[in-house]
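The data block below is model_22.pdb; it holds PDB, C-alpha atoms.
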ATOM      1  CA  MET X   1       0.000   0.000   0.000
ATOM      2  CA  ASN X   2       1.462   3.370  -0.900
ATOM      3  CA  LEU X   3       1.467   6.318   1.456
ATOM      4  CA  ASN X   4      -1.101   8.343  -0.504
ATOM      5  CA  LEU X   5      -3.620   5.544  -0.176
ATOM      6  CA  LEU X   6      -2.835   5.090   3.523
ATOM      7  CA  SER X   7      -3.355   8.823   4.134
ATOM      8  CA  TYR X   8      -6.711   8.728   2.341
ATOM      9  CA  LEU X   9      -7.803   5.754   4.433
ATOM     10  CA  LEU X  10      -6.865   7.598   7.638
ATOM     11  CA  PHE X  11      -8.195  10.987   6.529
ATOM     12  CA  PHE X  12     -11.603  10.140   5.101
ATOM     13  CA  PRO X  13     -13.167   8.168   8.008
ATOM     14  CA  ALA X  14     -11.747  10.532  10.639
ATOM     15  CA  MET X  15     -13.049  13.666   8.908
ATOM     16  CA  LEU X  16     -16.373  11.984   8.167
ATOM     17  CA  ALA X  17     -16.762  11.168  11.866
ATOM     18  CA  ILE X  18     -16.059  14.781  12.868
ATOM     19  CA  ALA X  19     -18.475  16.141  10.250
ATOM     20  CA  VAL X  20     -21.244  13.741  11.330
ATOM     21  CA  TRP X  21     -20.667  14.590  14.995
ATOM     22  CA  THR X  22     -20.822  18.350  14.306
ATOM     23  CA  ALA X  23     -24.015  17.917  12.295
ATOM     24  CA  GLN X  24     -25.652  15.867  15.041
ATOM     25  CA  VAL X  25     -24.746  18.373  17.741
ATOM     26  CA  SER X  26     -26.238  21.175  15.619
ATOM     27  CA  HIS X  27     -29.317  19.048  14.935
ATOM     28  CA  ARG X  28     -29.886  18.353  18.634
ATOM     29  CA  HIS X  29     -29.209  21.809  20.012
ATOM     30  CA  GLY X  30     -30.473  23.860  17.071
ATOM     31  CA  ARG X  31     -33.964  22.438  17.563
ATOM     32  CA  VAL X  32     -34.674  24.661  20.577
ATOM     33  CA  TRP X  33     -33.793  27.750  18.564
ATOM     34  CA  MET X  34     -35.920  26.654  15.644
ATOM     35  CA  LEU X  35     -38.892  26.062  17.946
ATOM     36  CA  ARG X  36     -38.504  29.662  19.035
ATOM     37  CA  ILE X  37     -38.282  30.885  15.467
ATOM     38  CA  PHE X  38     -41.238  28.840  14.158
ATOM     39  CA  ASP X  39     -43.725  29.485  16.971
ATOM     40  CA  ASN X  40     -43.325  26.050  18.639
ATOM     41  CA  GLU X  41     -44.680  24.111  15.650
ATOM     42  CA  ALA X  42     -42.860  20.914  16.595
ATOM     43  CA  ALA X  43     -43.837  18.808  13.543
ATOM     44  CA  PHE X  44     -42.721  21.504  11.131
ATOM     45  CA  VAL X  45     -39.486  22.198  13.007
ATOM     46  CA  ASP X  46     -38.560  18.511  13.089
ATOM     47  CA  ALA X  47     -39.201  18.179   9.352
ATOM     48  CA  VAL X  48     -36.962  21.153   8.541
ATOM     49  CA  ASN X  49     -34.341  20.034  11.031
ATOM     50  CA  ASN X  50     -34.145  16.494   9.578
ATOM     51  CA  VAL X  51     -33.781  17.763   6.031
ATOM     52  CA  LEU X  52     -31.061  20.183   7.138
ATOM     53  CA  LEU X  53     -29.241  17.333   8.904
ATOM     54  CA  VAL X  54     -29.155  15.202   5.767
ATOM     55  CA  GLY X  55     -28.131  18.199   3.663
ATOM     56  CA  CYS X  56     -25.298  18.844   6.095
ATOM     57  CA  TYR X  57     -24.151  15.199   5.894
ATOM     58  CA  VAL X  58     -24.230  15.103   2.121
ATOM     59  CA  VAL X  59     -22.461  18.404   1.481
ATOM     60  CA  ASN X  60     -19.755  17.915   4.121
ATOM     61  CA  ALA X  61     -19.055  14.289   3.186
ATOM     62  CA  GLY X  62     -19.076  15.307  -0.473
ATOM     63  CA  TYR X  63     -16.530  18.037   0.080
ATOM     64  CA  ILE X  64     -14.282  15.760   2.161
ATOM     65  CA  ALA X  65     -14.356  13.160  -0.624
ATOM     66  CA  LEU X  66     -13.783  15.823  -3.255
ATOM     67  CA  VAL X  67     -10.520  17.030  -1.700
ATOM     68  CA  VAL X  68      -9.196  13.445  -1.416
ATOM     69  CA  GLY X  69      -8.559  13.235  -5.139
ATOM     70  CA  ARG X  70      -6.093  16.115  -5.332
ATOM     71  CA  TRP X  71      -3.199  15.465  -2.945
ATOM     72  CA  GLU X  72       0.484  15.742  -3.761
ATOM     73  CA  LEU X  73       2.498  12.541  -4.258
ATOM     74  CA  ILE X  74       3.577  11.390  -0.789
ATOM     75  CA  THR X  75       6.939   9.604  -0.614
ATOM     76  CA  SER X  76       7.988   9.666   3.032
ATOM     77  CA  LEU X  77       6.455   9.432   6.490
ATOM     78  CA  PRO X  78       7.300  13.038   7.567
ATOM     79  CA  GLN X  79       5.765  14.318   4.343
ATOM     80  CA  MET X  80       2.703  12.169   4.947
ATOM     81  CA  LEU X  81       2.185  13.547   8.464
ATOM     82  CA  ALA X  82       2.620  17.137   7.289
ATOM     83  CA  THR X  83       0.245  16.738   4.334
ATOM     84  CA  LEU X  84      -2.314  14.887   6.409
ATOM     85  CA  THR X  85      -2.263  17.552   9.134
ATOM     86  CA  THR X  86      -2.636  20.393   6.631
ATOM     87  CA  HIS X  87      -5.658  18.756   5.050
ATOM     88  CA  VAL X  88      -7.209  17.949   8.445
ATOM     89  CA  ALA X  89      -6.700  21.585   9.488
ATOM     90  CA  THR X  90      -8.403  22.848   6.327
ATOM     91  CA  ILE X  91     -11.449  20.672   6.955
ATOM     92  CA  LEU X  92     -11.625  21.676  10.627
ATOM     93  CA  PHE X  93     -11.494  25.393   9.771
ATOM     94  CA  LEU X  94     -14.163  24.924   7.150
ATOM     95  CA  LEU X  95     -16.444  23.059   9.578
ATOM     96  CA  ALA X  96     -15.860  25.739  12.216
ATOM     97  CA  TRP X  97     -16.754  28.492   9.754
ATOM     98  CA  LEU X  98     -19.949  26.705   8.700
ATOM     99  CA  HIS X  99     -20.809  26.107  12.346
ATOM    100  CA  TYR X 100     -20.505  29.785  13.289
ATOM    101  CA  GLN X 101     -22.529  30.696  10.197
ATOM    102  CA  ASN X 102     -25.277  28.375  11.446
ATOM    103  CA  ILE X 103     -25.220  29.958  14.895
ATOM    104  CA  ALA X 104     -25.308  33.447  13.376
ATOM    105  CA  VAL X 105     -28.324  32.592  11.197
ATOM    106  CA  LEU X 106     -30.220  31.187  14.196
ATOM    107  CA  LEU X 107     -29.422  34.216  16.360
ATOM    108  CA  ILE X 108     -30.297  36.811  13.723
ATOM    109  CA  TRP X 109     -33.485  35.051  12.654
ATOM    110  CA  SER X 110     -34.689  34.516  16.199
ATOM    111  CA  ARG X 111     -33.978  38.153  17.079
ATOM    112  CA  ALA X 112     -35.958  39.308  14.043
ATOM    113  CA  ARG X 113     -38.867  37.111  15.122
ATOM    114  CA  SER X 114     -38.884  38.147  18.766
ATOM    115  CA  ARG X 115     -39.096  41.862  17.960
ATOM    116  CA  PRO X 116     -42.526  43.038  19.163
ATOM    117  CA  ARG X 117     -44.967  43.367  16.271
ATOM    118  CA  PRO X 118     -48.335  45.076  16.365
ATOM    119  CA  ILE X 119     -51.260  42.677  15.980
ATOM    120  CA  ILE X 120     -53.726  44.355  13.622
ATOM    121  CA  ARG X 121     -56.628  42.365  12.342
ATOM    122  CA  ILE X 122     -58.981  44.070   9.922
ATOM    123  CA  THR X 123     -62.373  42.462  10.249
ATOM    124  CA  GLY X 124     -64.685  44.979   8.639
ATOM    125  CA  GLN X 125     -67.102  44.832  11.536
ATOM    126  CA  ARG X 126     -67.431  46.951  14.607
ATOM    127  CA  PRO X 127     -67.774  45.551  18.061
ATOM    128  CA  GLY X 128     -71.407  45.309  18.963
TER     129      GLY X 128
ATOM    130  CA  MET W   1      14.262  -5.159 -48.487
ATOM    131  CA  ASN W   2      13.406  -3.242 -45.404
ATOM    132  CA  PRO W   3       9.892  -3.736 -44.177
ATOM    133  CA  THR W   4       7.711  -0.796 -44.937
ATOM    134  CA  TRP W   5       4.940   0.400 -42.690
ATOM    135  CA  GLY W   6       2.488  -1.657 -44.710
ATOM    136  CA  ASP W   7       4.263  -4.917 -43.849
ATOM    137  CA  VAL W   8       4.177  -4.423 -40.137
ATOM    138  CA  ASN W   9       1.166  -5.561 -38.216
ATOM    139  CA  VAL W  10       0.009  -2.236 -36.914
ATOM    140  CA  THR W  11      -3.084  -3.436 -35.115
ATOM    141  CA  PRO W  12      -3.134  -1.203 -32.047
ATOM    142  CA  THR W  13      -2.955  -3.207 -28.872
ATOM    143  CA  ASN W  14      -4.137  -1.502 -25.767
ATOM    144  CA  HIS W  15      -2.100  -3.007 -22.973
ATOM    145  CA  ASN W  16      -3.939  -0.964 -20.388
ATOM    146  CA  ALA W  17      -7.280  -2.485 -21.214
ATOM    147  CA  MET W  18      -6.235  -5.539 -19.198
ATOM    148  CA  THR W  19      -5.125  -3.765 -16.065
ATOM    149  CA  SER W  20      -7.412  -0.748 -16.032
ATOM    150  CA  LYS W  21      -9.800  -0.562 -13.088
ATOM    151  CA  ILE W  22     -12.372   1.566 -14.901
ATOM    152  CA  VAL W  23     -15.051  -1.141 -14.954
ATOM    153  CA  LEU W  24     -14.460  -1.819 -11.266
ATOM    154  CA  ALA W  25     -14.781   1.922 -10.628
ATOM    155  CA  TYR W  26     -18.146   1.969 -12.457
ATOM    156  CA  PHE W  27     -19.402  -0.961 -10.398
ATOM    157  CA  ILE W  28     -18.415   0.799  -7.159
ATOM    158  CA  TYR W  29     -19.715   4.212  -8.285
ATOM    159  CA  LEU W  30     -23.164   3.135  -9.460
ATOM    160  CA  PRO W  31     -24.540   1.536  -6.262
ATOM    161  CA  LEU W  32     -23.064   4.266  -4.082
ATOM    162  CA  ALA W  33     -24.405   7.149  -6.194
ATOM    163  CA  LEU W  34     -27.846   5.600  -6.663
ATOM    164  CA  GLY W  35     -28.040   4.577  -2.991
ATOM    165  CA  LEU W  36     -27.132   8.097  -1.915
ATOM    166  CA  THR W  37     -29.866   9.509  -4.170
ATOM    167  CA  LEU W  38     -32.419   7.104  -2.670
ATOM    168  CA  TYR W  39     -31.383   7.998   0.883
ATOM    169  CA  VAL W  40     -31.504  11.760   0.298
ATOM    170  CA  ALA W  41     -34.799  11.674  -1.613
ATOM    171  CA  HIS W  42     -36.401   9.372   0.947
ATOM    172  CA  THR W  43     -35.457  11.666   3.844
ATOM    173  CA  LEU W  44     -36.449  14.814   1.994
ATOM    174  CA  PHE W  45     -39.900  13.606   1.032
ATOM    175  CA  ARG W  46     -40.653  11.825   4.309
ATOM    176  CA  ASN W  47     -40.245  15.243   5.914
ATOM    177  CA  GLY W  48     -41.776  17.054   2.935
ATOM    178  CA  ARG W  49     -45.192  15.663   3.863
ATOM    179  CA  VAL W  50     -45.484  18.235   6.671
ATOM    180  CA  PHE W  51     -44.935  21.050   4.161
ATOM    181  CA  MET W  52     -47.411  19.583   1.682
ATOM    182  CA  LEU W  53     -50.083  19.270   4.381
ATOM    183  CA  ASP W  54     -49.447  22.906   5.221
ATOM    184  CA  ILE W  55     -49.576  24.003   1.567
ATOM    185  CA  PHE W  56     -52.775  22.042   0.798
ATOM    186  CA  ARG W  57     -54.390  23.006   4.103
ATOM    187  CA  GLY W  58     -54.522  19.565   5.644
ATOM    188  CA  LYS W  59     -56.011  17.723   2.632
ATOM    189  CA  ALA W  60     -54.010  14.534   3.218
ATOM    190  CA  ASP W  61     -54.829  12.748  -0.054
ATOM    191  CA  ILE W  62     -53.728  15.569  -2.363
ATOM    192  CA  ALA W  63     -50.731  16.358  -0.135
ATOM    193  CA  ASP W  64     -49.486  12.755  -0.249
ATOM    194  CA  SER W  65     -50.045  12.472  -4.009
ATOM    195  CA  THR W  66     -48.182  15.691  -4.753
ATOM    196  CA  ASN W  67     -45.378  14.653  -2.430
ATOM    197  CA  ARG W  68     -45.046  11.279  -4.198
ATOM    198  CA  LEU W  69     -45.054  12.908  -7.650
ATOM    199  CA  PHE W  70     -42.244  15.279  -6.674
ATOM    200  CA  GLU W  71     -40.340  12.401  -5.085
ATOM    201  CA  VAL W  72     -40.389  10.421  -8.333
ATOM    202  CA  GLY W  73     -39.287  13.535 -10.203
ATOM    203  CA  PHE W  74     -36.396  13.938  -7.778
ATOM    204  CA  TYR W  75     -35.342  10.297  -8.350
ATOM    205  CA  LEU W  76     -35.447  10.641 -12.133
ATOM    206  CA  LEU W  77     -33.586  13.945 -12.255
ATOM    207  CA  ASN W  78     -30.783  12.984  -9.888
ATOM    208  CA  MET W  79     -30.310   9.391 -11.030
ATOM    209  CA  GLY W  80     -30.148  10.736 -14.557
ATOM    210  CA  PHE W  81     -27.422  13.137 -13.506
ATOM    211  CA  ALA W  82     -25.566  10.363 -11.635
ATOM    212  CA  LEU W  83     -25.527   8.262 -14.826
ATOM    213  CA  LEU W  84     -24.587  11.248 -16.970
ATOM    214  CA  ILE W  85     -21.347  11.865 -15.050
ATOM    215  CA  LEU W  86     -20.424   8.151 -14.863
ATOM    216  CA  ARG W  87     -17.853   8.168 -17.697
ATOM    217  CA  ILE W  88     -14.222   8.018 -16.577
ATOM    218  CA  ASP W  89     -11.705   8.971 -19.243
ATOM    219  CA  GLN W  90      -8.272   7.398 -19.295
ATOM    220  CA  GLY W  91      -6.526  10.672 -19.987
ATOM    221  CA  ALA W  92      -4.293  11.449 -22.958
ATOM    222  CA  GLU W  93      -2.891   8.658 -25.123
ATOM    223  CA  VAL W  94       0.872   8.296 -24.940
ATOM    224  CA  ASN W  95       2.353   6.278 -27.803
ATOM    225  CA  LEU W  96       5.547   4.461 -26.897
ATOM    226  CA  GLY W  97       6.348   3.184 -30.398
ATOM    227  CA  ILE W  98       6.214  -0.282 -31.900
ATOM    228  CA  ASP W  99       6.541  -3.325 -29.692
ATOM    229  CA  GLY W 100       6.257  -6.865 -31.070
ATOM    230  CA  GLY W 101       3.994  -6.165 -33.987
ATOM    231  CA  GLY W 102       1.771  -3.497 -32.499
ATOM    232  CA  TYR W 103       1.709  -0.076 -30.980
ATOM    233  CA  VAL W 104       2.062   0.159 -27.256
ATOM    234  CA  THR W 105      -0.595   2.591 -26.290
ATOM    235  CA  THR W 106      -0.508   3.756 -22.750
ATOM    236  CA  TYR W 107      -2.338   6.545 -21.016
ATOM    237  CA  SER W 108      -1.184   9.412 -18.879
ATOM    238  CA  HIS W 109      -3.959   8.490 -16.486
ATOM    239  CA  ALA W 110      -4.406   4.753 -16.823
ATOM    240  CA  LEU W 111      -6.443   4.087 -13.685
ATOM    241  CA  ASP W 112      -4.504   0.884 -13.044
ATOM    242  CA  THR W 113      -3.502   1.482  -9.423
ATOM    243  CA  ASN W 114      -5.644   1.485  -6.304
ATOM    244  CA  GLN W 115      -4.528   5.022  -5.536
ATOM    245  CA  GLU W 116      -5.863   6.343  -8.836
ATOM    246  CA  LEU W 117      -9.042   4.342  -8.352
ATOM    247  CA  VAL W 118      -9.655   5.910  -4.921
ATOM    248  CA  GLU W 119      -8.813   9.417  -6.163
ATOM    249  CA  VAL W 120     -11.072   9.270  -9.209
ATOM    250  CA  LEU W 121     -13.949   7.685  -7.285
ATOM    251  CA  ALA W 122     -13.630  10.156  -4.406
ATOM    252  CA  GLY W 123     -13.690  13.081  -6.813
ATOM    253  CA  LYS W 124     -16.762  11.777  -8.640
ATOM    254  CA  LEU W 125     -18.744  10.718  -5.595
ATOM    255  CA  GLY W 126     -17.771  13.860  -3.684
ATOM    256  CA  GLY W 127     -18.871  16.117  -6.520
ATOM    257  CA  PHE W 128     -22.107  14.186  -6.901
ATOM    258  CA  ALA W 129     -22.810  14.385  -3.145
ATOM    259  CA  ILE W 130     -22.358  18.164  -3.174
ATOM    260  CA  TYR W 131     -24.683  18.405  -6.181
ATOM    261  CA  LEU W 132     -27.257  16.321  -4.280
ATOM    262  CA  GLY W 133     -26.896  18.602  -1.270
ATOM    263  CA  ILE W 134     -27.540  21.658  -3.430
ATOM    264  CA  MET W 135     -30.628  19.989  -4.936
ATOM    265  CA  LEU W 136     -31.809  19.139  -1.403
ATOM    266  CA  PHE W 137     -31.492  22.730  -0.201
ATOM    267  CA  LEU W 138     -33.150  23.997  -3.404
ATOM    268  CA  ASN W 139     -36.088  21.681  -2.740
ATOM    269  CA  LEU W 140     -36.278  22.826   0.880
ATOM    270  CA  TYR W 141     -36.338  26.432  -0.346
ATOM    271  CA  LEU W 142     -39.192  25.609  -2.732
ATOM    272  CA  PHE W 143     -41.107  23.947   0.134
ATOM    273  CA  PHE W 144     -40.674  27.073   2.251
ATOM    274  CA  ARG W 145     -41.769  29.279  -0.624
ATOM    275  CA  GLY W 146     -44.861  27.168  -1.280
ATOM    276  CA  ARG W 147     -45.778  27.310   2.382
ATOM    277  CA  ARG W 148     -45.368  31.092   2.500
ATOM    278  CA  LYS W 149     -47.434  31.642  -0.665
ATOM    279  CA  SER W 150     -50.148  29.362   0.640
ATOM    280  CA  ARG W 151     -50.292  31.293   3.916
ATOM    281  CA  GLU W 152     -50.417  34.651   2.144
ATOM    282  CA  ASN W 153     -53.493  33.620   0.159
ATOM    283  CA  ARG W 154     -55.245  32.056   3.096
ATOM    284  CA  PRO W 155     -58.340  33.941   4.316
ATOM    285  CA  LEU W 156     -58.059  34.929   7.946
ATOM    286  CA  PRO W 157     -60.015  32.788  10.388
ATOM    287  CA  PRO W 158     -63.256  34.370  11.544
ATOM    288  CA  ALA W 159     -62.445  36.873  14.237
ATOM    289  CA  THR W 160     -63.927  36.371  17.668
ATOM    290  CA  ASP W 161     -65.493  39.171  19.631
ATOM    291  CA  THR W 162     -62.448  39.524  21.855
ATOM    292  CA  ALA W 163     -60.130  39.806  18.842
ATOM    293  CA  VAL W 164     -62.353  42.457  17.284
ATOM    294  CA  ALA W 165     -62.482  44.315  20.576
ATOM    295  CA  ALA W 166     -58.708  44.134  20.834
ATOM    296  CA  ALA W 167     -58.326  45.640  17.345
ATOM    297  CA  TYR W 168     -60.199  48.769  18.313
TER     298      TYR W 168
END
Mind turning this structure into structure tokens?
Amino acid sequence: MNLNLLSYLLFFPAMLAIAVWTAQVSHRHGRVWMLRIFDNEAAFVDAVNNVLLVGCYVVNAGYIALVVGRWELITSLPQMLATLTTHVATILFLLAWLHYQNIAVLLIWSRARSRPRPIIRITGQRPG
Amino acid sequence: MNPTWGDVNVTPTNHNAMTSKIVLAYFIYLPLALGLTLYVAHTLFRNGRVFMLDIFRGKADIADSTNRLFEVGFYLLNMGFALLILRIDQGAEVNLGIDGGGYVTTYSHALDTNQELVEVLAGKLGGFAIYLGIMLFLNLYLFFRGRRKSRENRPLPPATDTAVAAAY
């Protein structure tokens, strides 16, 4: 087995595990925020949340697989460790960035929803 | 008399056809890509039912039918795309000259090692997965849009006396 192949076999499952873990944490703890945003409609929130979870899996796993195909030729163990670490770091930064984006969207959306709004209902009839 | 080009058996022999892993790559790619499509579509439309019920105001029969129709459309579109990007090219032909009565044709990208197999498959499946993710989010956006439009057109529920009193 050459070192490129060995690196791929170490890199892909490890990164996949981290991506899946991040997605599941967001899925579990984002639900409370989404309930706030969508007026406690639990069925609707769960539907959206599940679709977002799968979307997160597919896009993250897809990107991790996509970067596997383009590594330099690895000829020695020190080079392998350095290359592997650089690629792991890239994925971790990317996941972190996406994660903070998610948090920002939840915060901004929930703040926009919780702003007091006037309840005006035009009924066309006067109180009797 | 020196042999001319016409005397030499110039039938091209492709030595890489024996060792190339392209067919193996196809047989790994197809189940994975189609399985991924099934998984994504199944999840999307199991959860899409809630949106459809919302859009069609709780009419379960028409909501389920519409959901199923869109699900089949999603399968067809994405499986079609998975098959469309199946082809793996061997790269540029490199001709090494004449060897034992035929040309030795080799390729710059022969796909005859496990490393190349993993790299090509990872690139294809990764790209396809990202495409599927984009289609998933597009569908989710359309669900949201349908729900919003349906709510905009919905007549308000009859106001009660207290609500009317509160408005004044």
### Task
Skip Ile91 of chain X itself and residues of its chain fewer than 2 positions away, then list as a ChimeraX atom specification all residues within 10 Å of it, counting all atoms listed in the file.
/X:15,18-19,60,63-64,67,85-89,93-97
### Task
Taking all atoms listed in the file into account, report as number ranges by chain which residues of chain W lie within 8 Å of chain X.
W: 40, 43-44, 47-48, 50-51, 114-115, 118-120, 122-134, 136-137, 140, 159, 161, 163-165, 167
### Task
Tell me, as a ChimeraX atom specification, which residues lie within 10 Å of Ala25 of chain W, counting only C-alpha atoms; anything in the same chain fewer than 6 positions away does not count.
/W:86-88,111,117-118,120-121
If you keep C-alpha atoms, can you produce a file of those selected residues as a PDB file, in the frame of the given file?
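The file below, selection.pdb, is the result:
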ATOM      1  CA  LEU W  86     -20.424   8.151 -14.863  1.00  0.00           C
ATOM      2  CA  ARG W  87     -17.853   8.168 -17.697  1.00  0.00           C
ATOM      3  CA  ILE W  88     -14.222   8.018 -16.577  1.00  0.00           C
ATOM      4  CA  LEU W 111      -6.443   4.087 -13.685  1.00  0.00           C
ATOM      5  CA  LEU W 117      -9.042   4.342  -8.352  1.00  0.00           C
ATOM      6  CA  VAL W 118      -9.655   5.910  -4.921  1.00  0.00           C
ATOM      7  CA  VAL W 120     -11.072   9.270  -9.209  1.00  0.00           C
ATOM      8  CA  LEU W 121     -13.949   7.685  -7.285  1.00  0.00           C
TER       9      LEU W 121
END
### Query
What's the 7 Å shell around Thr37 of chain W, counting all atoms listed in the file, without same-chain residues fewer than 6 positions away, as number ranges by chain?
W: 75, 78-79
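Comparing X:Asn102, X:Ser114, X:Thr83, X:Thr90 by their smallest distance to His29 of chain X, the closest is X:Asn102 (using only C-alpha atoms).
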#### Entry: Distance criterion (all atoms listed in the file): nearest to Arg49 of chain W out of W:Tyr29, W:Lys21, W:Val72, W:Phe143
W:Phe143
### From X:Ile37, X:Leu16, X:Leu10, X:Ala82, residue lying nearest Leu106 of chain X [only C-alpha atoms]
X:Ile37
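The interatomic distance for the pair atom CA of Ala63 of chain W and atom CA of Glu152 of chain W works out to 18.4 Å.
In this model, the gap between atom CA of Ser26 of chain X and atom CA of Leu98 of chain X comes to 10.9 Å.
By chain and then residue number, the residues within 12 Å of Asp64 of chain W are W:Phe45, W:Arg46, W:Asn47, W:Gly48, W:Arg49, W:Val50, W:Phe51, W:Met52, W:Leu53, W:Asp54, W:Ile55, W:Phe56, W:Gly58, W:Lys59, W:Leu69, W:Phe70, W:Glu71, counting only C-alpha atoms and disregarding those fewer than 5 positions away in sequence.
The interatomic distance for the pair atom CA of His27 of chain X and atom CA of Arg68 of chain W works out to 26.0 Å.
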Can you pull out every residue within 7 Å of Gln90 of chain W, counting only C-alpha atoms, but drop anything in the same chain fewer than 5 positions away, and send it as a short mmCIF file (atom, residue, chain, number, x, y, z; two decimals) with C-alpha atoms, keeping the file's coordinate frame?
data_model
loop_
_atom_site.label_atom_id
_atom_site.label_comp_id
_atom_site.auth_asym_id
_atom_site.auth_seq_id
_atom_site.Cartn_x
_atom_site.Cartn_y
_atom_site.Cartn_z
CA TYR W 107 -2.34 6.54 -21.02
CA HIS W 109 -3.96 8.49 -16.49
CA ALA W 110 -4.41 4.75 -16.82
CA LEU W 111 -6.44 4.09 -13.68
#
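Distance check against Phe81 of chain W using all atoms listed in the file: of W:Val94, W:Ala41, W:Ile62, W:Ala33, the minimum falls on W:Ala33.
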Take segment 19-76 of chain X from the preceding structure and save C-alpha atoms as an mmCIF file, in the first residue's frame.
data_model
loop_
_atom_site.group_PDB
_atom_site.id
_atom_site.type_symbol
_atom_site.label_atom_id
_atom_site.label_comp_id
_atom_site.auth_asym_id
_atom_site.auth_seq_id
_atom_site.Cartn_x
_atom_site.Cartn_y
_atom_site.Cartn_z
ATOM 1 C CA ALA X 19 -18.475 16.141 10.250
ATOM 2 C CA VAL X 20 -21.244 13.741 11.330
ATOM 3 C CA TRP X 21 -20.667 14.590 14.995
ATOM 4 C CA THR X 22 -20.822 18.350 14.306
ATOM 5 C CA ALA X 23 -24.015 17.917 12.295
ATOM 6 C CA GLN X 24 -25.652 15.867 15.041
ATOM 7 C CA VAL X 25 -24.746 18.373 17.741
ATOM 8 C CA SER X 26 -26.238 21.175 15.619
ATOM 9 C CA HIS X 27 -29.317 19.048 14.935
ATOM 10 C CA ARG X 28 -29.886 18.353 18.634
ATOM 11 C CA HIS X 29 -29.209 21.809 20.012
ATOM 12 C CA GLY X 30 -30.473 23.860 17.071
ATOM 13 C CA ARG X 31 -33.964 22.438 17.563
ATOM 14 C CA VAL X 32 -34.674 24.661 20.577
ATOM 15 C CA TRP X 33 -33.793 27.750 18.564
ATOM 16 C CA MET X 34 -35.920 26.654 15.644
ATOM 17 C CA LEU X 35 -38.892 26.062 17.946
ATOM 18 C CA ARG X 36 -38.504 29.662 19.035
ATOM 19 C CA ILE X 37 -38.282 30.885 15.467
ATOM 20 C CA PHE X 38 -41.238 28.840 14.158
ATOM 21 C CA ASP X 39 -43.725 29.485 16.971
ATOM 22 C CA ASN X 40 -43.325 26.050 18.639
ATOM 23 C CA GLU X 41 -44.680 24.111 15.650
ATOM 24 C CA ALA X 42 -42.860 20.914 16.595
ATOM 25 C CA ALA X 43 -43.837 18.808 13.543
ATOM 26 C CA PHE X 44 -42.721 21.504 11.131
ATOM 27 C CA VAL X 45 -39.486 22.198 13.007
ATOM 28 C CA ASP X 46 -38.560 18.511 13.089
ATOM 29 C CA ALA X 47 -39.201 18.179 9.352
ATOM 30 C CA VAL X 48 -36.962 21.153 8.541
ATOM 31 C CA ASN X 49 -34.341 20.034 11.031
ATOM 32 C CA ASN X 50 -34.145 16.494 9.578
ATOM 33 C CA VAL X 51 -33.781 17.763 6.031
ATOM 34 C CA LEU X 52 -31.061 20.183 7.138
ATOM 35 C CA LEU X 53 -29.241 17.333 8.904
ATOM 36 C CA VAL X 54 -29.155 15.202 5.767
ATOM 37 C CA GLY X 55 -28.131 18.199 3.663
ATOM 38 C CA CYS X 56 -25.298 18.844 6.095
ATOM 39 C CA TYR X 57 -24.151 15.199 5.894
ATOM 40 C CA VAL X 58 -24.230 15.103 2.121
ATOM 41 C CA VAL X 59 -22.461 18.404 1.481
ATOM 42 C CA ASN X 60 -19.755 17.915 4.121
ATOM 43 C CA ALA X 61 -19.055 14.289 3.186
ATOM 44 C CA GLY X 62 -19.076 15.307 -0.473
ATOM 45 C CA TYR X 63 -16.530 18.037 0.080
ATOM 46 C CA ILE X 64 -14.282 15.760 2.161
ATOM 47 C CA ALA X 65 -14.356 13.160 -0.624
ATOM 48 C CA LEU X 66 -13.783 15.823 -3.255
ATOM 49 C CA VAL X 67 -10.520 17.030 -1.700
ATOM 50 C CA VAL X 68 -9.196 13.445 -1.416
ATOM 51 C CA GLY X 69 -8.559 13.235 -5.139
ATOM 52 C CA ARG X 70 -6.093 16.115 -5.332
ATOM 53 C CA TRP X 71 -3.199 15.465 -2.945
ATOM 54 C CA GLU X 72 0.484 15.742 -3.761
ATOM 55 C CA LEU X 73 2.498 12.541 -4.258
ATOM 56 C CA ILE X 74 3.577 11.390 -0.789
ATOM 57 C CA THR X 75 6.939 9.604 -0.614
ATOM 58 C CA SER X 76 7.988 9.666 3.032
#
